[in-house]
>>> print(open('run_16.txt').read())   # compact mmCIF, C-alpha atoms and all ligand atoms
# COMPACT_ATOMS: atom_id res chain seq x y z
CA MET A 666 -244.68 -34.05 36.97
CA LYS A 667 -244.05 -37.40 38.61
CA LEU A 668 -240.91 -39.35 37.74
CA PRO A 669 -241.01 -43.10 37.46
CA ASN A 670 -239.33 -44.62 40.51
CA LEU A 671 -236.33 -46.12 38.79
CA SER A 672 -234.78 -47.67 41.89
CA PRO A 673 -237.25 -48.18 44.73
CA ILE A 674 -234.76 -48.60 47.56
CA PRO A 675 -232.36 -45.73 48.18
CA PRO A 676 -229.17 -47.17 49.63
CA TYR A 677 -229.15 -45.30 52.95
CA ALA A 678 -225.74 -44.78 54.45
CA HIS A 679 -226.94 -43.80 57.92
CA LYS A 680 -230.12 -45.53 59.01
CA ASN A 681 -230.67 -43.58 62.23
CA MET A 682 -229.94 -40.03 61.15
CA PRO A 683 -232.43 -37.14 60.83
CA ARG A 684 -234.36 -37.42 57.58
CA THR A 685 -235.37 -33.82 57.09
CA THR A 686 -233.59 -31.61 54.58
CA ALA A 687 -234.34 -28.49 56.67
CA THR A 688 -232.55 -29.89 59.75
CA TRP A 689 -229.42 -30.62 57.74
CA LEU A 690 -229.46 -27.26 55.99
CA ASP A 691 -229.75 -25.41 59.32
CA ARG A 692 -226.64 -27.28 60.40
CA TRP A 693 -224.98 -26.48 57.04
CA ASP A 694 -225.73 -22.78 57.56
CA SER A 695 -224.16 -22.71 60.99
CA SER A 696 -221.05 -24.74 60.17
CA LEU A 697 -220.01 -24.20 56.53
CA MET A 698 -218.50 -21.12 54.91
CA SER A 699 -221.05 -19.35 52.76
CA SER A 700 -218.77 -19.33 49.71
CA TYR A 701 -221.63 -21.27 48.09
CA ALA A 702 -225.28 -20.32 48.38
CA THR A 703 -227.07 -22.60 50.83
CA PRO A 704 -227.84 -25.78 48.86
CA LYS A 705 -231.46 -26.80 48.26
CA VAL A 706 -230.86 -30.51 48.58
CA VAL A 707 -228.91 -32.83 50.89
CA LEU A 708 -227.77 -35.90 48.98
CA GLU A 709 -226.88 -39.11 50.71
CA SER A 710 -226.38 -41.90 48.20
CA GLY A 711 -226.37 -42.71 44.52
CA ARG A 712 -226.25 -45.47 41.93
CA GLY A 713 -225.37 -44.77 38.32
CA ALA A 714 -227.30 -41.70 37.15
CA LEU A 715 -229.64 -41.76 40.17
CA VAL A 716 -229.09 -40.00 43.48
CA PHE A 717 -231.15 -40.00 46.65
CA ASP A 718 -231.55 -37.27 49.24
CA VAL A 719 -231.78 -37.66 53.01
CA GLU A 720 -235.56 -37.92 52.76
CA GLY A 721 -235.27 -40.83 50.31
CA LYS A 722 -236.38 -38.80 47.29
CA GLN A 723 -234.89 -39.94 43.99
CA TYR A 724 -233.29 -37.63 41.41
CA ILE A 725 -231.97 -38.27 37.91
CA ASP A 726 -228.57 -36.65 37.79
CA LEU A 727 -228.05 -34.55 34.66
CA LEU A 728 -225.09 -32.75 36.18
CA ALA A 729 -222.77 -35.47 37.51
CA GLY A 730 -221.27 -33.22 40.17
CA ILE A 731 -220.59 -30.66 37.39
CA ALA A 732 -219.00 -32.91 34.79
CA VAL A 733 -217.18 -35.06 37.34
CA ASN A 734 -218.95 -38.40 37.75
CA VAL A 735 -218.27 -39.76 34.26
CA LEU A 736 -219.32 -43.25 35.40
CA GLY A 737 -222.16 -42.03 37.59
CA HIS A 738 -222.38 -42.76 41.30
CA ALA A 739 -220.83 -45.78 43.03
CA HIS A 740 -219.78 -47.45 39.79
CA PRO A 741 -218.64 -50.97 40.74
CA ALA A 742 -215.35 -50.58 38.85
CA VAL A 743 -214.43 -47.39 40.72
CA VAL A 744 -215.59 -48.78 44.06
CA ALA A 745 -213.56 -51.97 43.50
CA ALA A 746 -210.45 -50.07 42.38
CA ILE A 747 -210.39 -47.67 45.33
CA THR A 748 -211.25 -50.40 47.82
CA LYS A 749 -208.46 -52.62 46.53
CA GLN A 750 -205.97 -49.75 46.55
CA ALA A 751 -207.00 -48.58 50.03
CA ASN A 752 -206.31 -52.11 51.25
CA LEU A 753 -202.86 -52.04 49.68
CA LEU A 754 -201.49 -48.54 50.17
CA GLY A 755 -203.35 -45.27 50.67
CA HIS A 756 -200.65 -42.62 50.56
CA VAL A 757 -196.88 -42.53 50.23
CA SER A 758 -195.64 -38.92 49.57
CA ASN A 759 -193.68 -37.96 46.50
CA LEU A 760 -190.48 -39.33 48.00
CA ALA A 761 -191.64 -42.69 46.62
CA ALA A 762 -193.17 -43.82 43.34
CA THR A 763 -196.10 -46.25 43.11
CA PRO A 764 -197.10 -48.67 40.35
CA VAL A 765 -200.57 -47.07 40.02
CA GLY A 766 -199.12 -43.57 39.67
CA ILE A 767 -196.78 -44.68 36.90
CA GLU A 768 -199.50 -46.72 35.18
CA LEU A 769 -201.88 -43.76 35.25
CA ALA A 770 -199.28 -41.39 33.77
CA GLU A 771 -198.64 -43.88 30.94
CA CYS A 772 -202.35 -44.45 30.42
CA LEU A 773 -202.98 -40.69 30.26
CA LEU A 774 -200.23 -40.12 27.72
CA GLY A 775 -201.57 -43.05 25.68
CA HIS A 776 -205.02 -41.46 25.56
CA LEU A 777 -203.46 -38.11 24.64
CA ASN A 778 -201.63 -39.96 21.81
CA SER A 779 -198.32 -38.45 22.75
CA ASP A 780 -195.09 -38.76 24.59
CA GLY A 781 -194.83 -36.28 27.42
CA ARG A 782 -194.62 -35.82 31.16
CA VAL A 783 -197.41 -35.73 33.73
CA PHE A 784 -197.61 -33.69 36.92
CA PHE A 785 -200.41 -34.94 39.20
CA CYS A 786 -202.30 -32.63 41.52
CA ASN A 787 -205.76 -32.57 43.08
CA SER A 788 -207.99 -30.12 41.20
CA GLY A 789 -208.47 -28.11 38.04
CA ALA A 790 -207.21 -24.90 39.62
CA GLU A 791 -204.00 -26.63 40.65
CA ALA A 792 -203.52 -28.11 37.19
CA ASN A 793 -203.77 -24.60 35.74
CA GLU A 794 -201.49 -23.18 38.43
CA ALA A 795 -198.88 -25.69 37.33
CA ALA A 796 -199.36 -24.73 33.67
CA PHE A 797 -199.10 -21.03 34.61
CA LYS A 798 -195.77 -21.71 36.34
CA LEU A 799 -194.57 -23.57 33.23
CA ALA A 800 -195.51 -20.50 31.18
CA ARG A 801 -193.28 -18.40 33.48
CA LEU A 802 -190.45 -20.90 32.91
CA THR A 803 -190.43 -19.89 29.22
CA GLY A 804 -188.79 -16.70 30.47
CA LYS A 805 -191.57 -14.61 28.92
CA GLU A 806 -193.67 -12.42 31.18
CA ALA A 807 -197.09 -12.40 29.57
CA VAL A 808 -199.80 -14.98 28.96
CA VAL A 809 -202.96 -14.70 26.91
CA SER A 810 -206.25 -16.06 28.20
CA MET A 811 -209.82 -15.69 26.92
CA SER A 812 -212.77 -13.49 27.80
CA GLY A 813 -215.41 -15.47 29.66
CA SER A 814 -212.94 -18.23 30.55
CA PHE A 815 -212.86 -20.12 33.83
CA HIS A 816 -209.66 -21.75 35.06
CA GLY A 817 -210.19 -21.98 38.83
CA ARG A 818 -210.26 -19.98 42.05
CA THR A 819 -206.69 -19.98 43.34
CA MET A 820 -204.83 -16.72 42.74
CA GLY A 821 -202.97 -17.88 39.63
CA ALA A 822 -205.93 -19.69 38.08
CA LEU A 823 -208.18 -16.75 38.94
CA SER A 824 -205.72 -14.43 37.23
CA LEU A 825 -206.26 -16.49 34.07
CA THR A 826 -210.04 -16.36 34.46
CA GLY A 827 -211.77 -13.92 32.12
CA GLN A 828 -214.75 -13.14 34.36
CA PRO A 829 -214.37 -9.71 36.03
CA ALA A 830 -216.95 -10.34 38.79
CA LYS A 831 -214.96 -13.33 40.07
CA ARG A 832 -211.63 -11.49 39.83
CA GLU A 833 -212.32 -8.01 41.13
CA PRO A 834 -212.72 -8.67 44.91
CA PHE A 835 -209.27 -10.29 44.93
CA GLU A 836 -207.22 -7.81 42.94
CA PRO A 837 -204.33 -7.24 42.58
CA LEU A 838 -203.95 -10.60 40.87
CA VAL A 839 -200.90 -12.16 39.24
CA PRO A 840 -199.69 -9.68 36.63
CA GLY A 841 -199.07 -10.29 32.95
CA VAL A 842 -202.39 -11.79 31.81
CA ARG A 843 -204.00 -10.38 28.66
CA PHE A 844 -207.51 -11.32 27.57
CA ALA A 845 -208.45 -12.03 23.97
CA GLU A 846 -212.02 -12.50 22.74
CA PHE A 847 -212.95 -16.17 22.93
CA GLY A 848 -213.73 -17.48 19.45
CA ASP A 849 -212.09 -14.54 17.67
CA ALA A 850 -208.81 -15.56 16.01
CA ASN A 851 -207.93 -11.96 15.09
CA SER A 852 -208.28 -10.87 18.69
CA VAL A 853 -205.89 -13.66 19.77
CA SER A 854 -203.35 -12.67 17.09
CA SER A 855 -203.53 -9.04 18.15
CA HIS A 856 -202.33 -10.00 21.65
CA MET A 857 -199.45 -12.18 20.46
CA THR A 858 -196.25 -10.25 21.07
CA SER A 859 -192.79 -11.61 21.79
CA GLU A 860 -193.43 -11.40 25.59
CA VAL A 861 -196.25 -13.98 25.46
CA GLY A 862 -195.14 -17.32 26.92
CA ALA A 863 -198.46 -19.19 26.64
CA VAL A 864 -202.05 -19.02 25.51
CA PHE A 865 -204.67 -20.66 27.74
CA VAL A 866 -207.87 -21.83 26.10
CA GLU A 867 -210.84 -24.07 26.89
CA PRO A 868 -212.05 -25.99 23.82
CA ILE A 869 -215.60 -25.38 25.11
CA GLN A 870 -216.24 -22.78 27.81
CA GLY A 871 -218.36 -24.69 30.32
CA GLU A 872 -218.77 -22.14 33.10
CA ALA A 873 -219.53 -19.35 30.63
CA GLY A 874 -222.63 -21.30 29.56
CA VAL A 875 -221.25 -24.09 27.36
CA VAL A 876 -219.92 -21.79 24.63
CA VAL A 877 -218.53 -23.66 21.63
CA PRO A 878 -216.17 -21.54 19.50
CA PRO A 879 -216.08 -21.69 15.69
CA ARG A 880 -214.56 -25.01 14.59
CA ASP A 881 -211.48 -23.32 13.12
CA PHE A 882 -210.76 -21.35 16.31
CA LEU A 883 -208.40 -23.79 18.07
CA ALA A 884 -206.41 -24.31 14.87
CA SER A 885 -206.06 -20.52 14.52
CA VAL A 886 -204.89 -20.21 18.12
CA GLN A 887 -202.42 -23.01 17.47
CA ARG A 888 -201.06 -21.20 14.39
CA ALA A 889 -200.69 -18.01 16.44
CA THR A 890 -198.80 -19.79 19.22
CA ARG A 891 -196.54 -21.64 16.77
CA ALA A 892 -195.74 -18.41 14.93
CA SER A 893 -194.76 -16.60 18.11
CA GLY A 894 -193.17 -19.51 19.97
CA ALA A 895 -195.74 -19.45 22.80
CA LEU A 896 -197.14 -22.57 24.46
CA LEU A 897 -200.66 -23.72 23.62
CA VAL A 898 -202.28 -24.69 26.93
CA VAL A 899 -205.62 -26.46 26.51
CA ASP A 900 -207.80 -26.60 29.62
CA GLU A 901 -209.77 -29.86 29.38
CA VAL A 902 -210.84 -29.79 33.03
CA GLN A 903 -214.54 -29.71 32.15
CA SER A 904 -214.60 -30.80 28.50
CA GLY A 905 -212.24 -33.78 28.81
CA MET A 906 -212.54 -37.42 29.87
CA GLY A 907 -214.95 -38.53 27.17
CA ARG A 908 -217.71 -36.03 27.80
CA THR A 909 -217.87 -34.76 24.21
CA GLY A 910 -217.63 -38.24 22.70
CA SER A 911 -213.83 -38.00 22.25
CA TRP A 912 -211.41 -38.51 25.09
CA PHE A 913 -210.51 -34.83 24.92
CA ALA A 914 -212.54 -32.11 23.26
CA TYR A 915 -209.62 -30.77 21.21
CA GLN A 916 -209.52 -34.20 19.51
CA ASN A 917 -213.21 -33.94 18.57
CA PRO A 918 -213.82 -32.79 14.96
CA SER A 919 -217.16 -31.26 16.04
CA VAL A 920 -215.23 -28.96 18.38
CA ALA A 921 -211.98 -28.35 16.51
CA GLU A 922 -211.14 -29.03 12.90
CA GLY A 923 -207.60 -29.96 11.89
CA GLU A 924 -204.85 -31.61 13.87
CA ILE A 925 -204.51 -29.91 17.25
CA ALA A 926 -201.33 -30.67 19.19
CA PRO A 927 -201.36 -28.79 22.50
CA ASP A 928 -198.09 -28.18 24.32
CA VAL A 929 -199.82 -28.57 27.67
CA VAL A 930 -203.18 -30.10 28.66
CA THR A 931 -204.80 -29.57 32.06
CA LEU A 932 -207.27 -32.05 33.54
CA ALA A 933 -209.29 -32.73 36.68
CA LYS A 934 -213.06 -33.21 37.27
CA GLY A 935 -213.90 -36.43 35.35
CA LEU A 936 -210.36 -37.82 35.62
CA GLY A 937 -210.99 -39.52 38.96
CA GLY A 938 -214.66 -40.32 38.37
CA GLY A 939 -215.54 -38.53 41.62
CA ILE A 940 -212.26 -38.90 43.49
CA PRO A 941 -210.19 -35.67 43.55
CA ILE A 942 -207.29 -35.72 41.10
CA GLY A 943 -205.92 -33.28 38.55
CA ALA A 944 -203.09 -33.36 36.05
CA CYS A 945 -200.94 -30.93 34.11
CA VAL A 946 -199.51 -32.78 31.13
CA VAL A 947 -196.64 -31.43 29.05
CA LEU A 948 -196.81 -32.92 25.57
CA SER A 949 -194.28 -31.08 23.44
CA ASP A 950 -190.50 -31.44 23.55
CA THR A 951 -190.04 -27.71 23.41
CA ALA A 952 -192.25 -26.86 26.41
CA PRO A 953 -190.47 -26.33 29.72
CA ARG A 954 -190.72 -29.05 32.36
CA PHE A 955 -190.32 -28.63 36.08
CA SER A 956 -186.97 -29.68 37.44
CA ALA A 957 -186.63 -31.20 40.91
CA GLY A 958 -187.87 -28.79 43.58
CA GLN A 959 -189.72 -26.38 41.27
CA HIS A 960 -193.23 -27.63 41.96
CA GLY A 961 -195.03 -30.17 44.13
CA SER A 962 -198.17 -31.31 45.91
CA THR A 963 -198.40 -33.55 48.98
CA PHE A 964 -201.40 -35.45 47.67
CA GLY A 965 -200.36 -35.40 43.99
CA ALA A 966 -200.36 -38.93 42.51
CA ASN A 967 -202.20 -40.26 45.56
CA PRO A 968 -202.50 -44.01 44.90
CA ILE A 969 -206.24 -44.23 45.67
CA ALA A 970 -207.01 -41.33 43.33
CA CYS A 971 -204.77 -42.85 40.64
CA ALA A 972 -206.53 -46.22 41.00
CA ALA A 973 -209.90 -44.50 40.52
CA ALA A 974 -208.67 -42.72 37.39
CA LEU A 975 -207.32 -45.96 35.91
CA ALA A 976 -210.75 -47.51 36.49
CA VAL A 977 -212.39 -44.59 34.67
CA PHE A 978 -210.16 -44.97 31.59
CA ASP A 979 -210.61 -48.73 31.57
CA THR A 980 -214.39 -48.64 32.00
CA VAL A 981 -215.06 -45.91 29.43
CA ASP A 982 -213.06 -47.94 26.89
CA ARG A 983 -214.52 -51.32 27.89
CA GLU A 984 -218.14 -50.12 27.95
CA ASP A 985 -217.63 -48.15 24.73
CA LEU A 986 -218.97 -44.99 26.32
CA LEU A 987 -217.45 -42.46 23.90
CA PRO A 988 -219.84 -43.17 21.00
CA ARG A 989 -222.65 -43.33 23.54
CA ALA A 990 -221.82 -39.81 24.81
CA ALA A 991 -221.85 -38.51 21.24
CA ALA A 992 -225.17 -40.19 20.44
CA LEU A 993 -226.89 -39.07 23.65
CA GLY A 994 -225.85 -35.50 22.85
CA GLN A 995 -227.86 -35.76 19.63
CA THR A 996 -230.84 -37.13 21.59
CA ILE A 997 -230.71 -34.14 23.95
CA LYS A 998 -230.49 -31.64 21.10
CA ALA A 999 -233.35 -33.21 19.15
CA ARG A 1000 -235.68 -33.34 22.16
CA LEU A 1001 -235.01 -29.78 23.34
CA ASN A 1002 -235.07 -28.22 19.89
CA GLU A 1003 -238.69 -29.37 19.76
CA ILE A 1004 -239.57 -26.58 22.17
CA ALA A 1005 -238.23 -23.69 20.14
CA PRO A 1006 -238.78 -20.72 20.39
CA LYS A 1007 -238.67 -21.02 24.22
CA VAL A 1008 -235.30 -22.66 23.64
CA LYS A 1009 -233.18 -20.44 21.40
CA GLU A 1010 -230.38 -22.91 20.91
CA VAL A 1011 -229.00 -26.15 22.31
CA ARG A 1012 -225.25 -25.78 22.11
CA GLY A 1013 -222.56 -28.18 23.11
CA VAL A 1014 -221.14 -31.50 22.04
CA GLY A 1015 -221.95 -34.96 23.41
CA LEU A 1016 -222.86 -34.88 27.08
CA LEU A 1017 -221.85 -31.29 27.68
CA GLN A 1018 -224.82 -29.23 26.54
CA GLY A 1019 -226.06 -25.69 27.21
CA VAL A 1020 -229.75 -25.06 26.72
CA VAL A 1021 -230.04 -21.38 25.79
CA LEU A 1022 -233.43 -20.05 26.88
CA LYS A 1023 -235.34 -17.19 25.34
CA ASP A 1024 -235.22 -15.29 28.65
CA ASP A 1025 -233.33 -15.32 31.95
CA SER A 1026 -235.30 -18.08 33.64
CA ALA A 1027 -232.53 -20.70 33.91
CA LYS A 1028 -232.56 -20.52 37.72
CA GLU A 1029 -236.33 -21.05 37.78
CA VAL A 1030 -235.91 -24.06 35.47
CA GLU A 1031 -233.23 -25.44 37.80
CA THR A 1032 -235.53 -25.03 40.82
CA ARG A 1033 -238.53 -26.65 39.10
CA CYS A 1034 -236.42 -29.56 37.90
CA LEU A 1035 -235.09 -30.12 41.41
CA ALA A 1036 -238.63 -30.19 42.77
CA ASP A 1037 -239.55 -32.72 40.08
CA GLY A 1038 -236.54 -34.96 40.65
CA VAL A 1039 -233.90 -33.86 38.13
CA LEU A 1040 -230.51 -32.32 38.94
CA LEU A 1041 -229.02 -29.78 36.52
CA ASN A 1042 -227.81 -26.21 36.88
CA ALA A 1043 -228.17 -22.69 35.57
CA ALA A 1044 -224.66 -21.99 34.26
CA THR A 1045 -225.71 -18.40 33.46
CA PRO A 1046 -229.04 -16.57 33.82
CA ASN A 1047 -230.25 -17.84 30.44
CA VAL A 1048 -228.34 -21.12 30.03
CA VAL A 1049 -229.21 -24.45 31.64
CA ARG A 1050 -226.22 -26.80 31.70
CA LEU A 1051 -226.51 -30.55 31.21
CA ALA A 1052 -223.50 -32.77 31.92
CA PRO A 1053 -224.93 -36.20 32.79
CA PRO A 1054 -222.84 -39.26 33.58
CA LEU A 1055 -221.87 -41.20 30.45
CA VAL A 1056 -223.60 -44.27 31.90
CA ILE A 1057 -227.07 -42.69 32.00
CA SER A 1058 -229.63 -45.09 30.49
CA ASP A 1059 -231.94 -44.19 27.62
CA GLY A 1060 -234.93 -44.43 29.98
CA GLU A 1061 -233.37 -42.18 32.61
CA LEU A 1062 -232.36 -39.56 30.05
CA SER A 1063 -235.77 -39.59 28.41
CA ALA A 1064 -237.61 -39.25 31.76
CA ALA A 1065 -235.31 -36.40 32.81
CA LEU A 1066 -235.77 -34.57 29.51
CA ASP A 1067 -239.55 -34.81 29.93
CA VAL A 1068 -239.18 -33.04 33.29
CA LEU A 1069 -236.85 -30.43 31.78
CA VAL A 1070 -239.17 -29.71 28.85
CA THR A 1071 -242.10 -29.18 31.23
CA ALA A 1072 -239.98 -26.93 33.46
CA ILE A 1073 -238.87 -24.81 30.50
CA ASP A 1074 -242.40 -24.60 29.21
CA ARG A 1075 -243.64 -23.31 32.58
CA SER A 1076 -240.72 -20.98 33.32
CA VAL A 1077 -239.92 -19.26 30.04
CA LYS A 1078 -242.41 -16.50 29.23
C1 LIG B 1101 -212.44 -25.37 32.47
C2 LIG B 1101 -212.19 -25.38 33.95
N1 LIG B 1101 -210.95 -25.21 34.40
C3 LIG B 1101 -210.68 -25.23 35.71
C4 LIG B 1101 -211.67 -25.42 36.64
C5 LIG B 1101 -211.34 -25.42 38.11
O1 LIG B 1101 -211.40 -26.72 38.59
P1 LIG B 1101 -211.45 -26.99 40.16
O2 LIG B 1101 -212.78 -26.50 40.65
O3 LIG B 1101 -211.28 -28.47 40.28
O4 LIG B 1101 -210.33 -26.25 40.78
C6 LIG B 1101 -212.98 -25.62 36.21
C7 LIG B 1101 -214.07 -25.81 37.17
O5 LIG B 1101 -215.22 -25.65 36.89
C8 LIG B 1101 -213.26 -25.60 34.83
O6 LIG B 1101 -214.49 -25.76 34.36
>>> encode(input="run_16.txt", output="structure tokens", more="lines below")
Ligand SMILES: Cc1ncc(COP(=O)(O)O)c(C=O)c1O
Amino acid sequence: MKLPNLSPIPPYAHKNMPRTTATWLDRWDSSLMSSYATPKVVLESGRGALVFDVEGKQYIDLLAGIAVNVLGHAHPAVVAAITKQANLLGHVSNLAATPVGIELAECLLGHLNSDGRVFFCNSGAEANEAAFKLARLTGKEAVVSMSGSFHGRTMGALSLTGQPAKREPFEPLVPGVRFAEFGDANSVSSHMTSEVGAVFVEPIQGEAGVVVPPRDFLASVQRATRASGALLVVDEVQSGMGRTGSWFAYQNPSVAEGEIAPDVVTLAKGLGGGIPIGACVVLSDTAPRFSAGQHGSTFGANPIACAAALAVFDTVDREDLLPRAAALGQTIKARLNEIAPKVKEVRGVGLLQGVVLKDDSAKEVETRCLADGVLLNAATPNVVRLAPPLVISDGELSAALDVLVTAIDRSVK
């Protein structure tokens, strides 16, 4: 299937470099740690929802760097913000404050509709590490996390991650973590004893294959934490920053009914629109806060990263991208439901969708889509994940869905 050429001139960064994918991947293989499988594509530049590889081939990006590039690639607002900030001040250490760092903390609390305190870091794993340390500061030894969950790869975040295959090679992990069944309120309640300091939960489990719990689940978890005096820690690393059509998924009535008021929210991925930044935000008065010397990060609140994040908040609001994310989610569902029964279910909210296939051919679908100029990924053997930038145009989305439908049709038996 041939994609329309939506932007005829890829903006090459390096005019005189080798233009063969194989050459670059040989170099990748002999210089990078094989913690990731060897990639199939070498990307060089991008604009909006389009990216271009070293051979000049165009792709429509339905993955956005796994739910990171909320505003797509090289958005002028992000480019301007980081350029301006880099010209002013690139890094200062946490011995000094900066206007952008303070403005971003205020902006974040404003979008979380709450007073609170922000700790800035650089990734989702670090945001959850910080939250894990706050849970220890309650003086209680245990925390509850969910089966199938993903909270990051550092030892603490991995200890919270409910995926045995990722955990087992690194055991013994941090002790005290109990796993409840995601989506099952009774299972959560059964783990809530007086030693539990916090419950960690993703509103939608992205890495597990975009699993959306029953709408009353978060409210039930909140009731359980309130009853036992434990913190409710909501991991919005993947689901946050407008992706579901609300700023944060716990605020979205399609994800969680009732008023959810987390004690702690963790963020990263989309926060910086492609520039690394994470945050652990304490929202309740009763939750512990770090005192001076208890936690830190050299690059936390880096001014360039903070400037990028401010540009993301500003642009999503100014371009009214939240309703657009919600509406495009409906477009995706409608188009892919047309090919039932090869597609069993399209689950997700807004621009975080999991296409559940009838068999385990998600990897084959990913490979075919790549060949035909669409980036997405197999989150699990039978689930294709879509997390496009919020700025994707109707034409780009429609062309990419045509490719995906053909790939599913050919791959699923
Ligand atoms: C819900 C969730 N939490 C935490 C993380 C870890 O984030 P990072 O890779 O930035 O450490 C991820 C990454 O996929 C995630 O999806």
>>> closest_residue(input="run_16.txt", among="A:His816, A:Arg1000, A:Arg891, A:Arg712", to="Ala1065 in chain A", atoms="only C-alpha atoms")
A:Arg1000
>>> residues_near_ligand(input="run_16.txt", ligand="ligand LIG 1101 (chain B)", cutoff="10 Å", atoms="all atoms listed in the file", output="mmCIF file with C-alpha atoms, keeping the file's coordinate frame")
data_model
loop_
_atom_site.group_PDB
_atom_site.id
_atom_site.type_symbol
_atom_site.label_atom_id
_atom_site.label_comp_id
_atom_site.auth_asym_id
_atom_site.auth_seq_id
_atom_site.Cartn_x
_atom_site.Cartn_y
_atom_site.Cartn_z
ATOM 1 C CA ILE A 731 -220.590 -30.660 37.390
ATOM 2 C CA ALA A 732 -219.000 -32.910 34.790
ATOM 3 C CA VAL A 733 -217.180 -35.060 37.340
ATOM 4 C CA CYS A 786 -202.300 -32.630 41.520
ATOM 5 C CA ASN A 787 -205.760 -32.570 43.080
ATOM 6 C CA SER A 788 -207.990 -30.120 41.200
ATOM 7 C CA GLY A 789 -208.470 -28.110 38.040
ATOM 8 C CA ALA A 790 -207.210 -24.900 39.620
ATOM 9 C CA GLU A 791 -204.000 -26.630 40.650
ATOM 10 C CA ALA A 792 -203.520 -28.110 37.190
ATOM 11 C CA ASN A 793 -203.770 -24.600 35.740
ATOM 12 C CA GLU A 794 -201.490 -23.180 38.430
ATOM 13 C CA SER A 814 -212.940 -18.230 30.550
ATOM 14 C CA PHE A 815 -212.860 -20.120 33.830
ATOM 15 C CA HIS A 816 -209.660 -21.750 35.060
ATOM 16 C CA GLY A 817 -210.190 -21.980 38.830
ATOM 17 C CA ARG A 818 -210.260 -19.980 42.050
ATOM 18 C CA THR A 819 -206.690 -19.980 43.340
ATOM 19 C CA ALA A 822 -205.930 -19.690 38.080
ATOM 20 C CA LEU A 823 -208.180 -16.750 38.940
ATOM 21 C CA LEU A 825 -206.260 -16.490 34.070
ATOM 22 C CA THR A 826 -210.040 -16.360 34.460
ATOM 23 C CA VAL A 866 -207.870 -21.830 26.100
ATOM 24 C CA GLU A 867 -210.840 -24.070 26.890
ATOM 25 C CA PRO A 868 -212.050 -25.990 23.820
ATOM 26 C CA ILE A 869 -215.600 -25.380 25.110
ATOM 27 C CA GLN A 870 -216.240 -22.780 27.810
ATOM 28 C CA GLY A 871 -218.360 -24.690 30.320
ATOM 29 C CA GLU A 872 -218.770 -22.140 33.100
ATOM 30 C CA ALA A 873 -219.530 -19.350 30.630
ATOM 31 C CA VAL A 875 -221.250 -24.090 27.360
ATOM 32 C CA VAL A 899 -205.620 -26.460 26.510
ATOM 33 C CA ASP A 900 -207.800 -26.600 29.620
ATOM 34 C CA GLU A 901 -209.770 -29.860 29.380
ATOM 35 C CA VAL A 902 -210.840 -29.790 33.030
ATOM 36 C CA GLN A 903 -214.540 -29.710 32.150
ATOM 37 C CA SER A 904 -214.600 -30.800 28.500
ATOM 38 C CA GLY A 905 -212.240 -33.780 28.810
ATOM 39 C CA THR A 931 -204.800 -29.570 32.060
ATOM 40 C CA LEU A 932 -207.270 -32.050 33.540
ATOM 41 C CA ALA A 933 -209.290 -32.730 36.680
ATOM 42 C CA LYS A 934 -213.060 -33.210 37.270
ATOM 43 C CA GLY A 935 -213.900 -36.430 35.350
ATOM 44 C CA PRO A 941 -210.190 -35.670 43.550
ATOM 45 C CA ILE A 942 -207.290 -35.720 41.100
ATOM 46 C CA GLY A 943 -205.920 -33.280 38.550
#
>>> closest_residue(input="run_16.txt", among="A:Leu715, A:Cys971, A:Val808, A:Val839", to="Leu897 in chain A", atoms="all atoms listed in the file")
A:Val808
>>> closest_residue(input="run_16.txt", among="A:Ala830, A:Ala972, A:Leu1022, A:Leu987", to="Glu768 in chain A", atoms="all atoms listed in the file")
A:Ala972
>>> atom_distance(input="run_16.txt", atom1="CA of Ala1072 in chain A", atom2="CA of Asp1037 in chain A")
8.8 Å
>>> atom_distance(input="run_16.txt", atom1="CA of Asn778 in chain A", atom2="CA of Leu948 in chain A")
9.3 Å
>>> closest_residue(input="run_16.txt", among="A:Ser911, A:Gln1018, A:Asn967, A:Ser699", to="Leu754 in chain A", atoms="all atoms listed in the file")
A:Asn967
>>> residues_around(input="run_16.txt", residues="Leu777 in chain A", least_positions_apart="3", cutoff="8 Å", atoms="only C-alpha atoms", output="number ranges by chain")
A: 773-774, 912-913
>>> write_last_selection(input="run_16.txt", atoms="C-alpha atoms", output="mmCIF file, keeping the file's coordinate frame")
data_model
loop_
_atom_site.group_PDB
_atom_site.id
_atom_site.type_symbol
_atom_site.label_atom_id
_atom_site.label_comp_id
_atom_site.auth_asym_id
_atom_site.auth_seq_id
_atom_site.Cartn_x
_atom_site.Cartn_y
_atom_site.Cartn_z
ATOM 1 C CA LEU A 773 -202.980 -40.690 30.260
ATOM 2 C CA LEU A 774 -200.230 -40.120 27.720
ATOM 3 C CA TRP A 912 -211.410 -38.510 25.090
ATOM 4 C CA PHE A 913 -210.510 -34.830 24.920
#
>>> residues_around(input="run_16.txt", residues="Ser700 in chain A", least_positions_apart="6", cutoff="12 Å", atoms="all atoms listed in the file", output="PyMOL selection string")
chain A and resi 693-694+818+831
>>> residues_near_point(input="run_16.txt", point="(-200.0, -20.2, 19.2)", cutoff="10 Å", atoms="all atoms listed in the file", output="ChimeraX atom specification")
/A:809,853-854,857,861-865,883-898,927-928
>>> residues_near_point(input="run_16.txt", point="(-201.5, -13.7, 38.0)", cutoff="7 Å", atoms="all atoms listed in the file", output="list in words")
Met820, Gly821, Ser824, Leu825, Leu838, Val839, Pro840, Gly841 and Val842 of chain A
>>> closest_residue(input="run_16.txt", among="A:Asp726, A:Glu833, A:Asp979, A:Asp691", to="Val743 in chain A", atoms="only C-alpha atoms")
A:Asp979
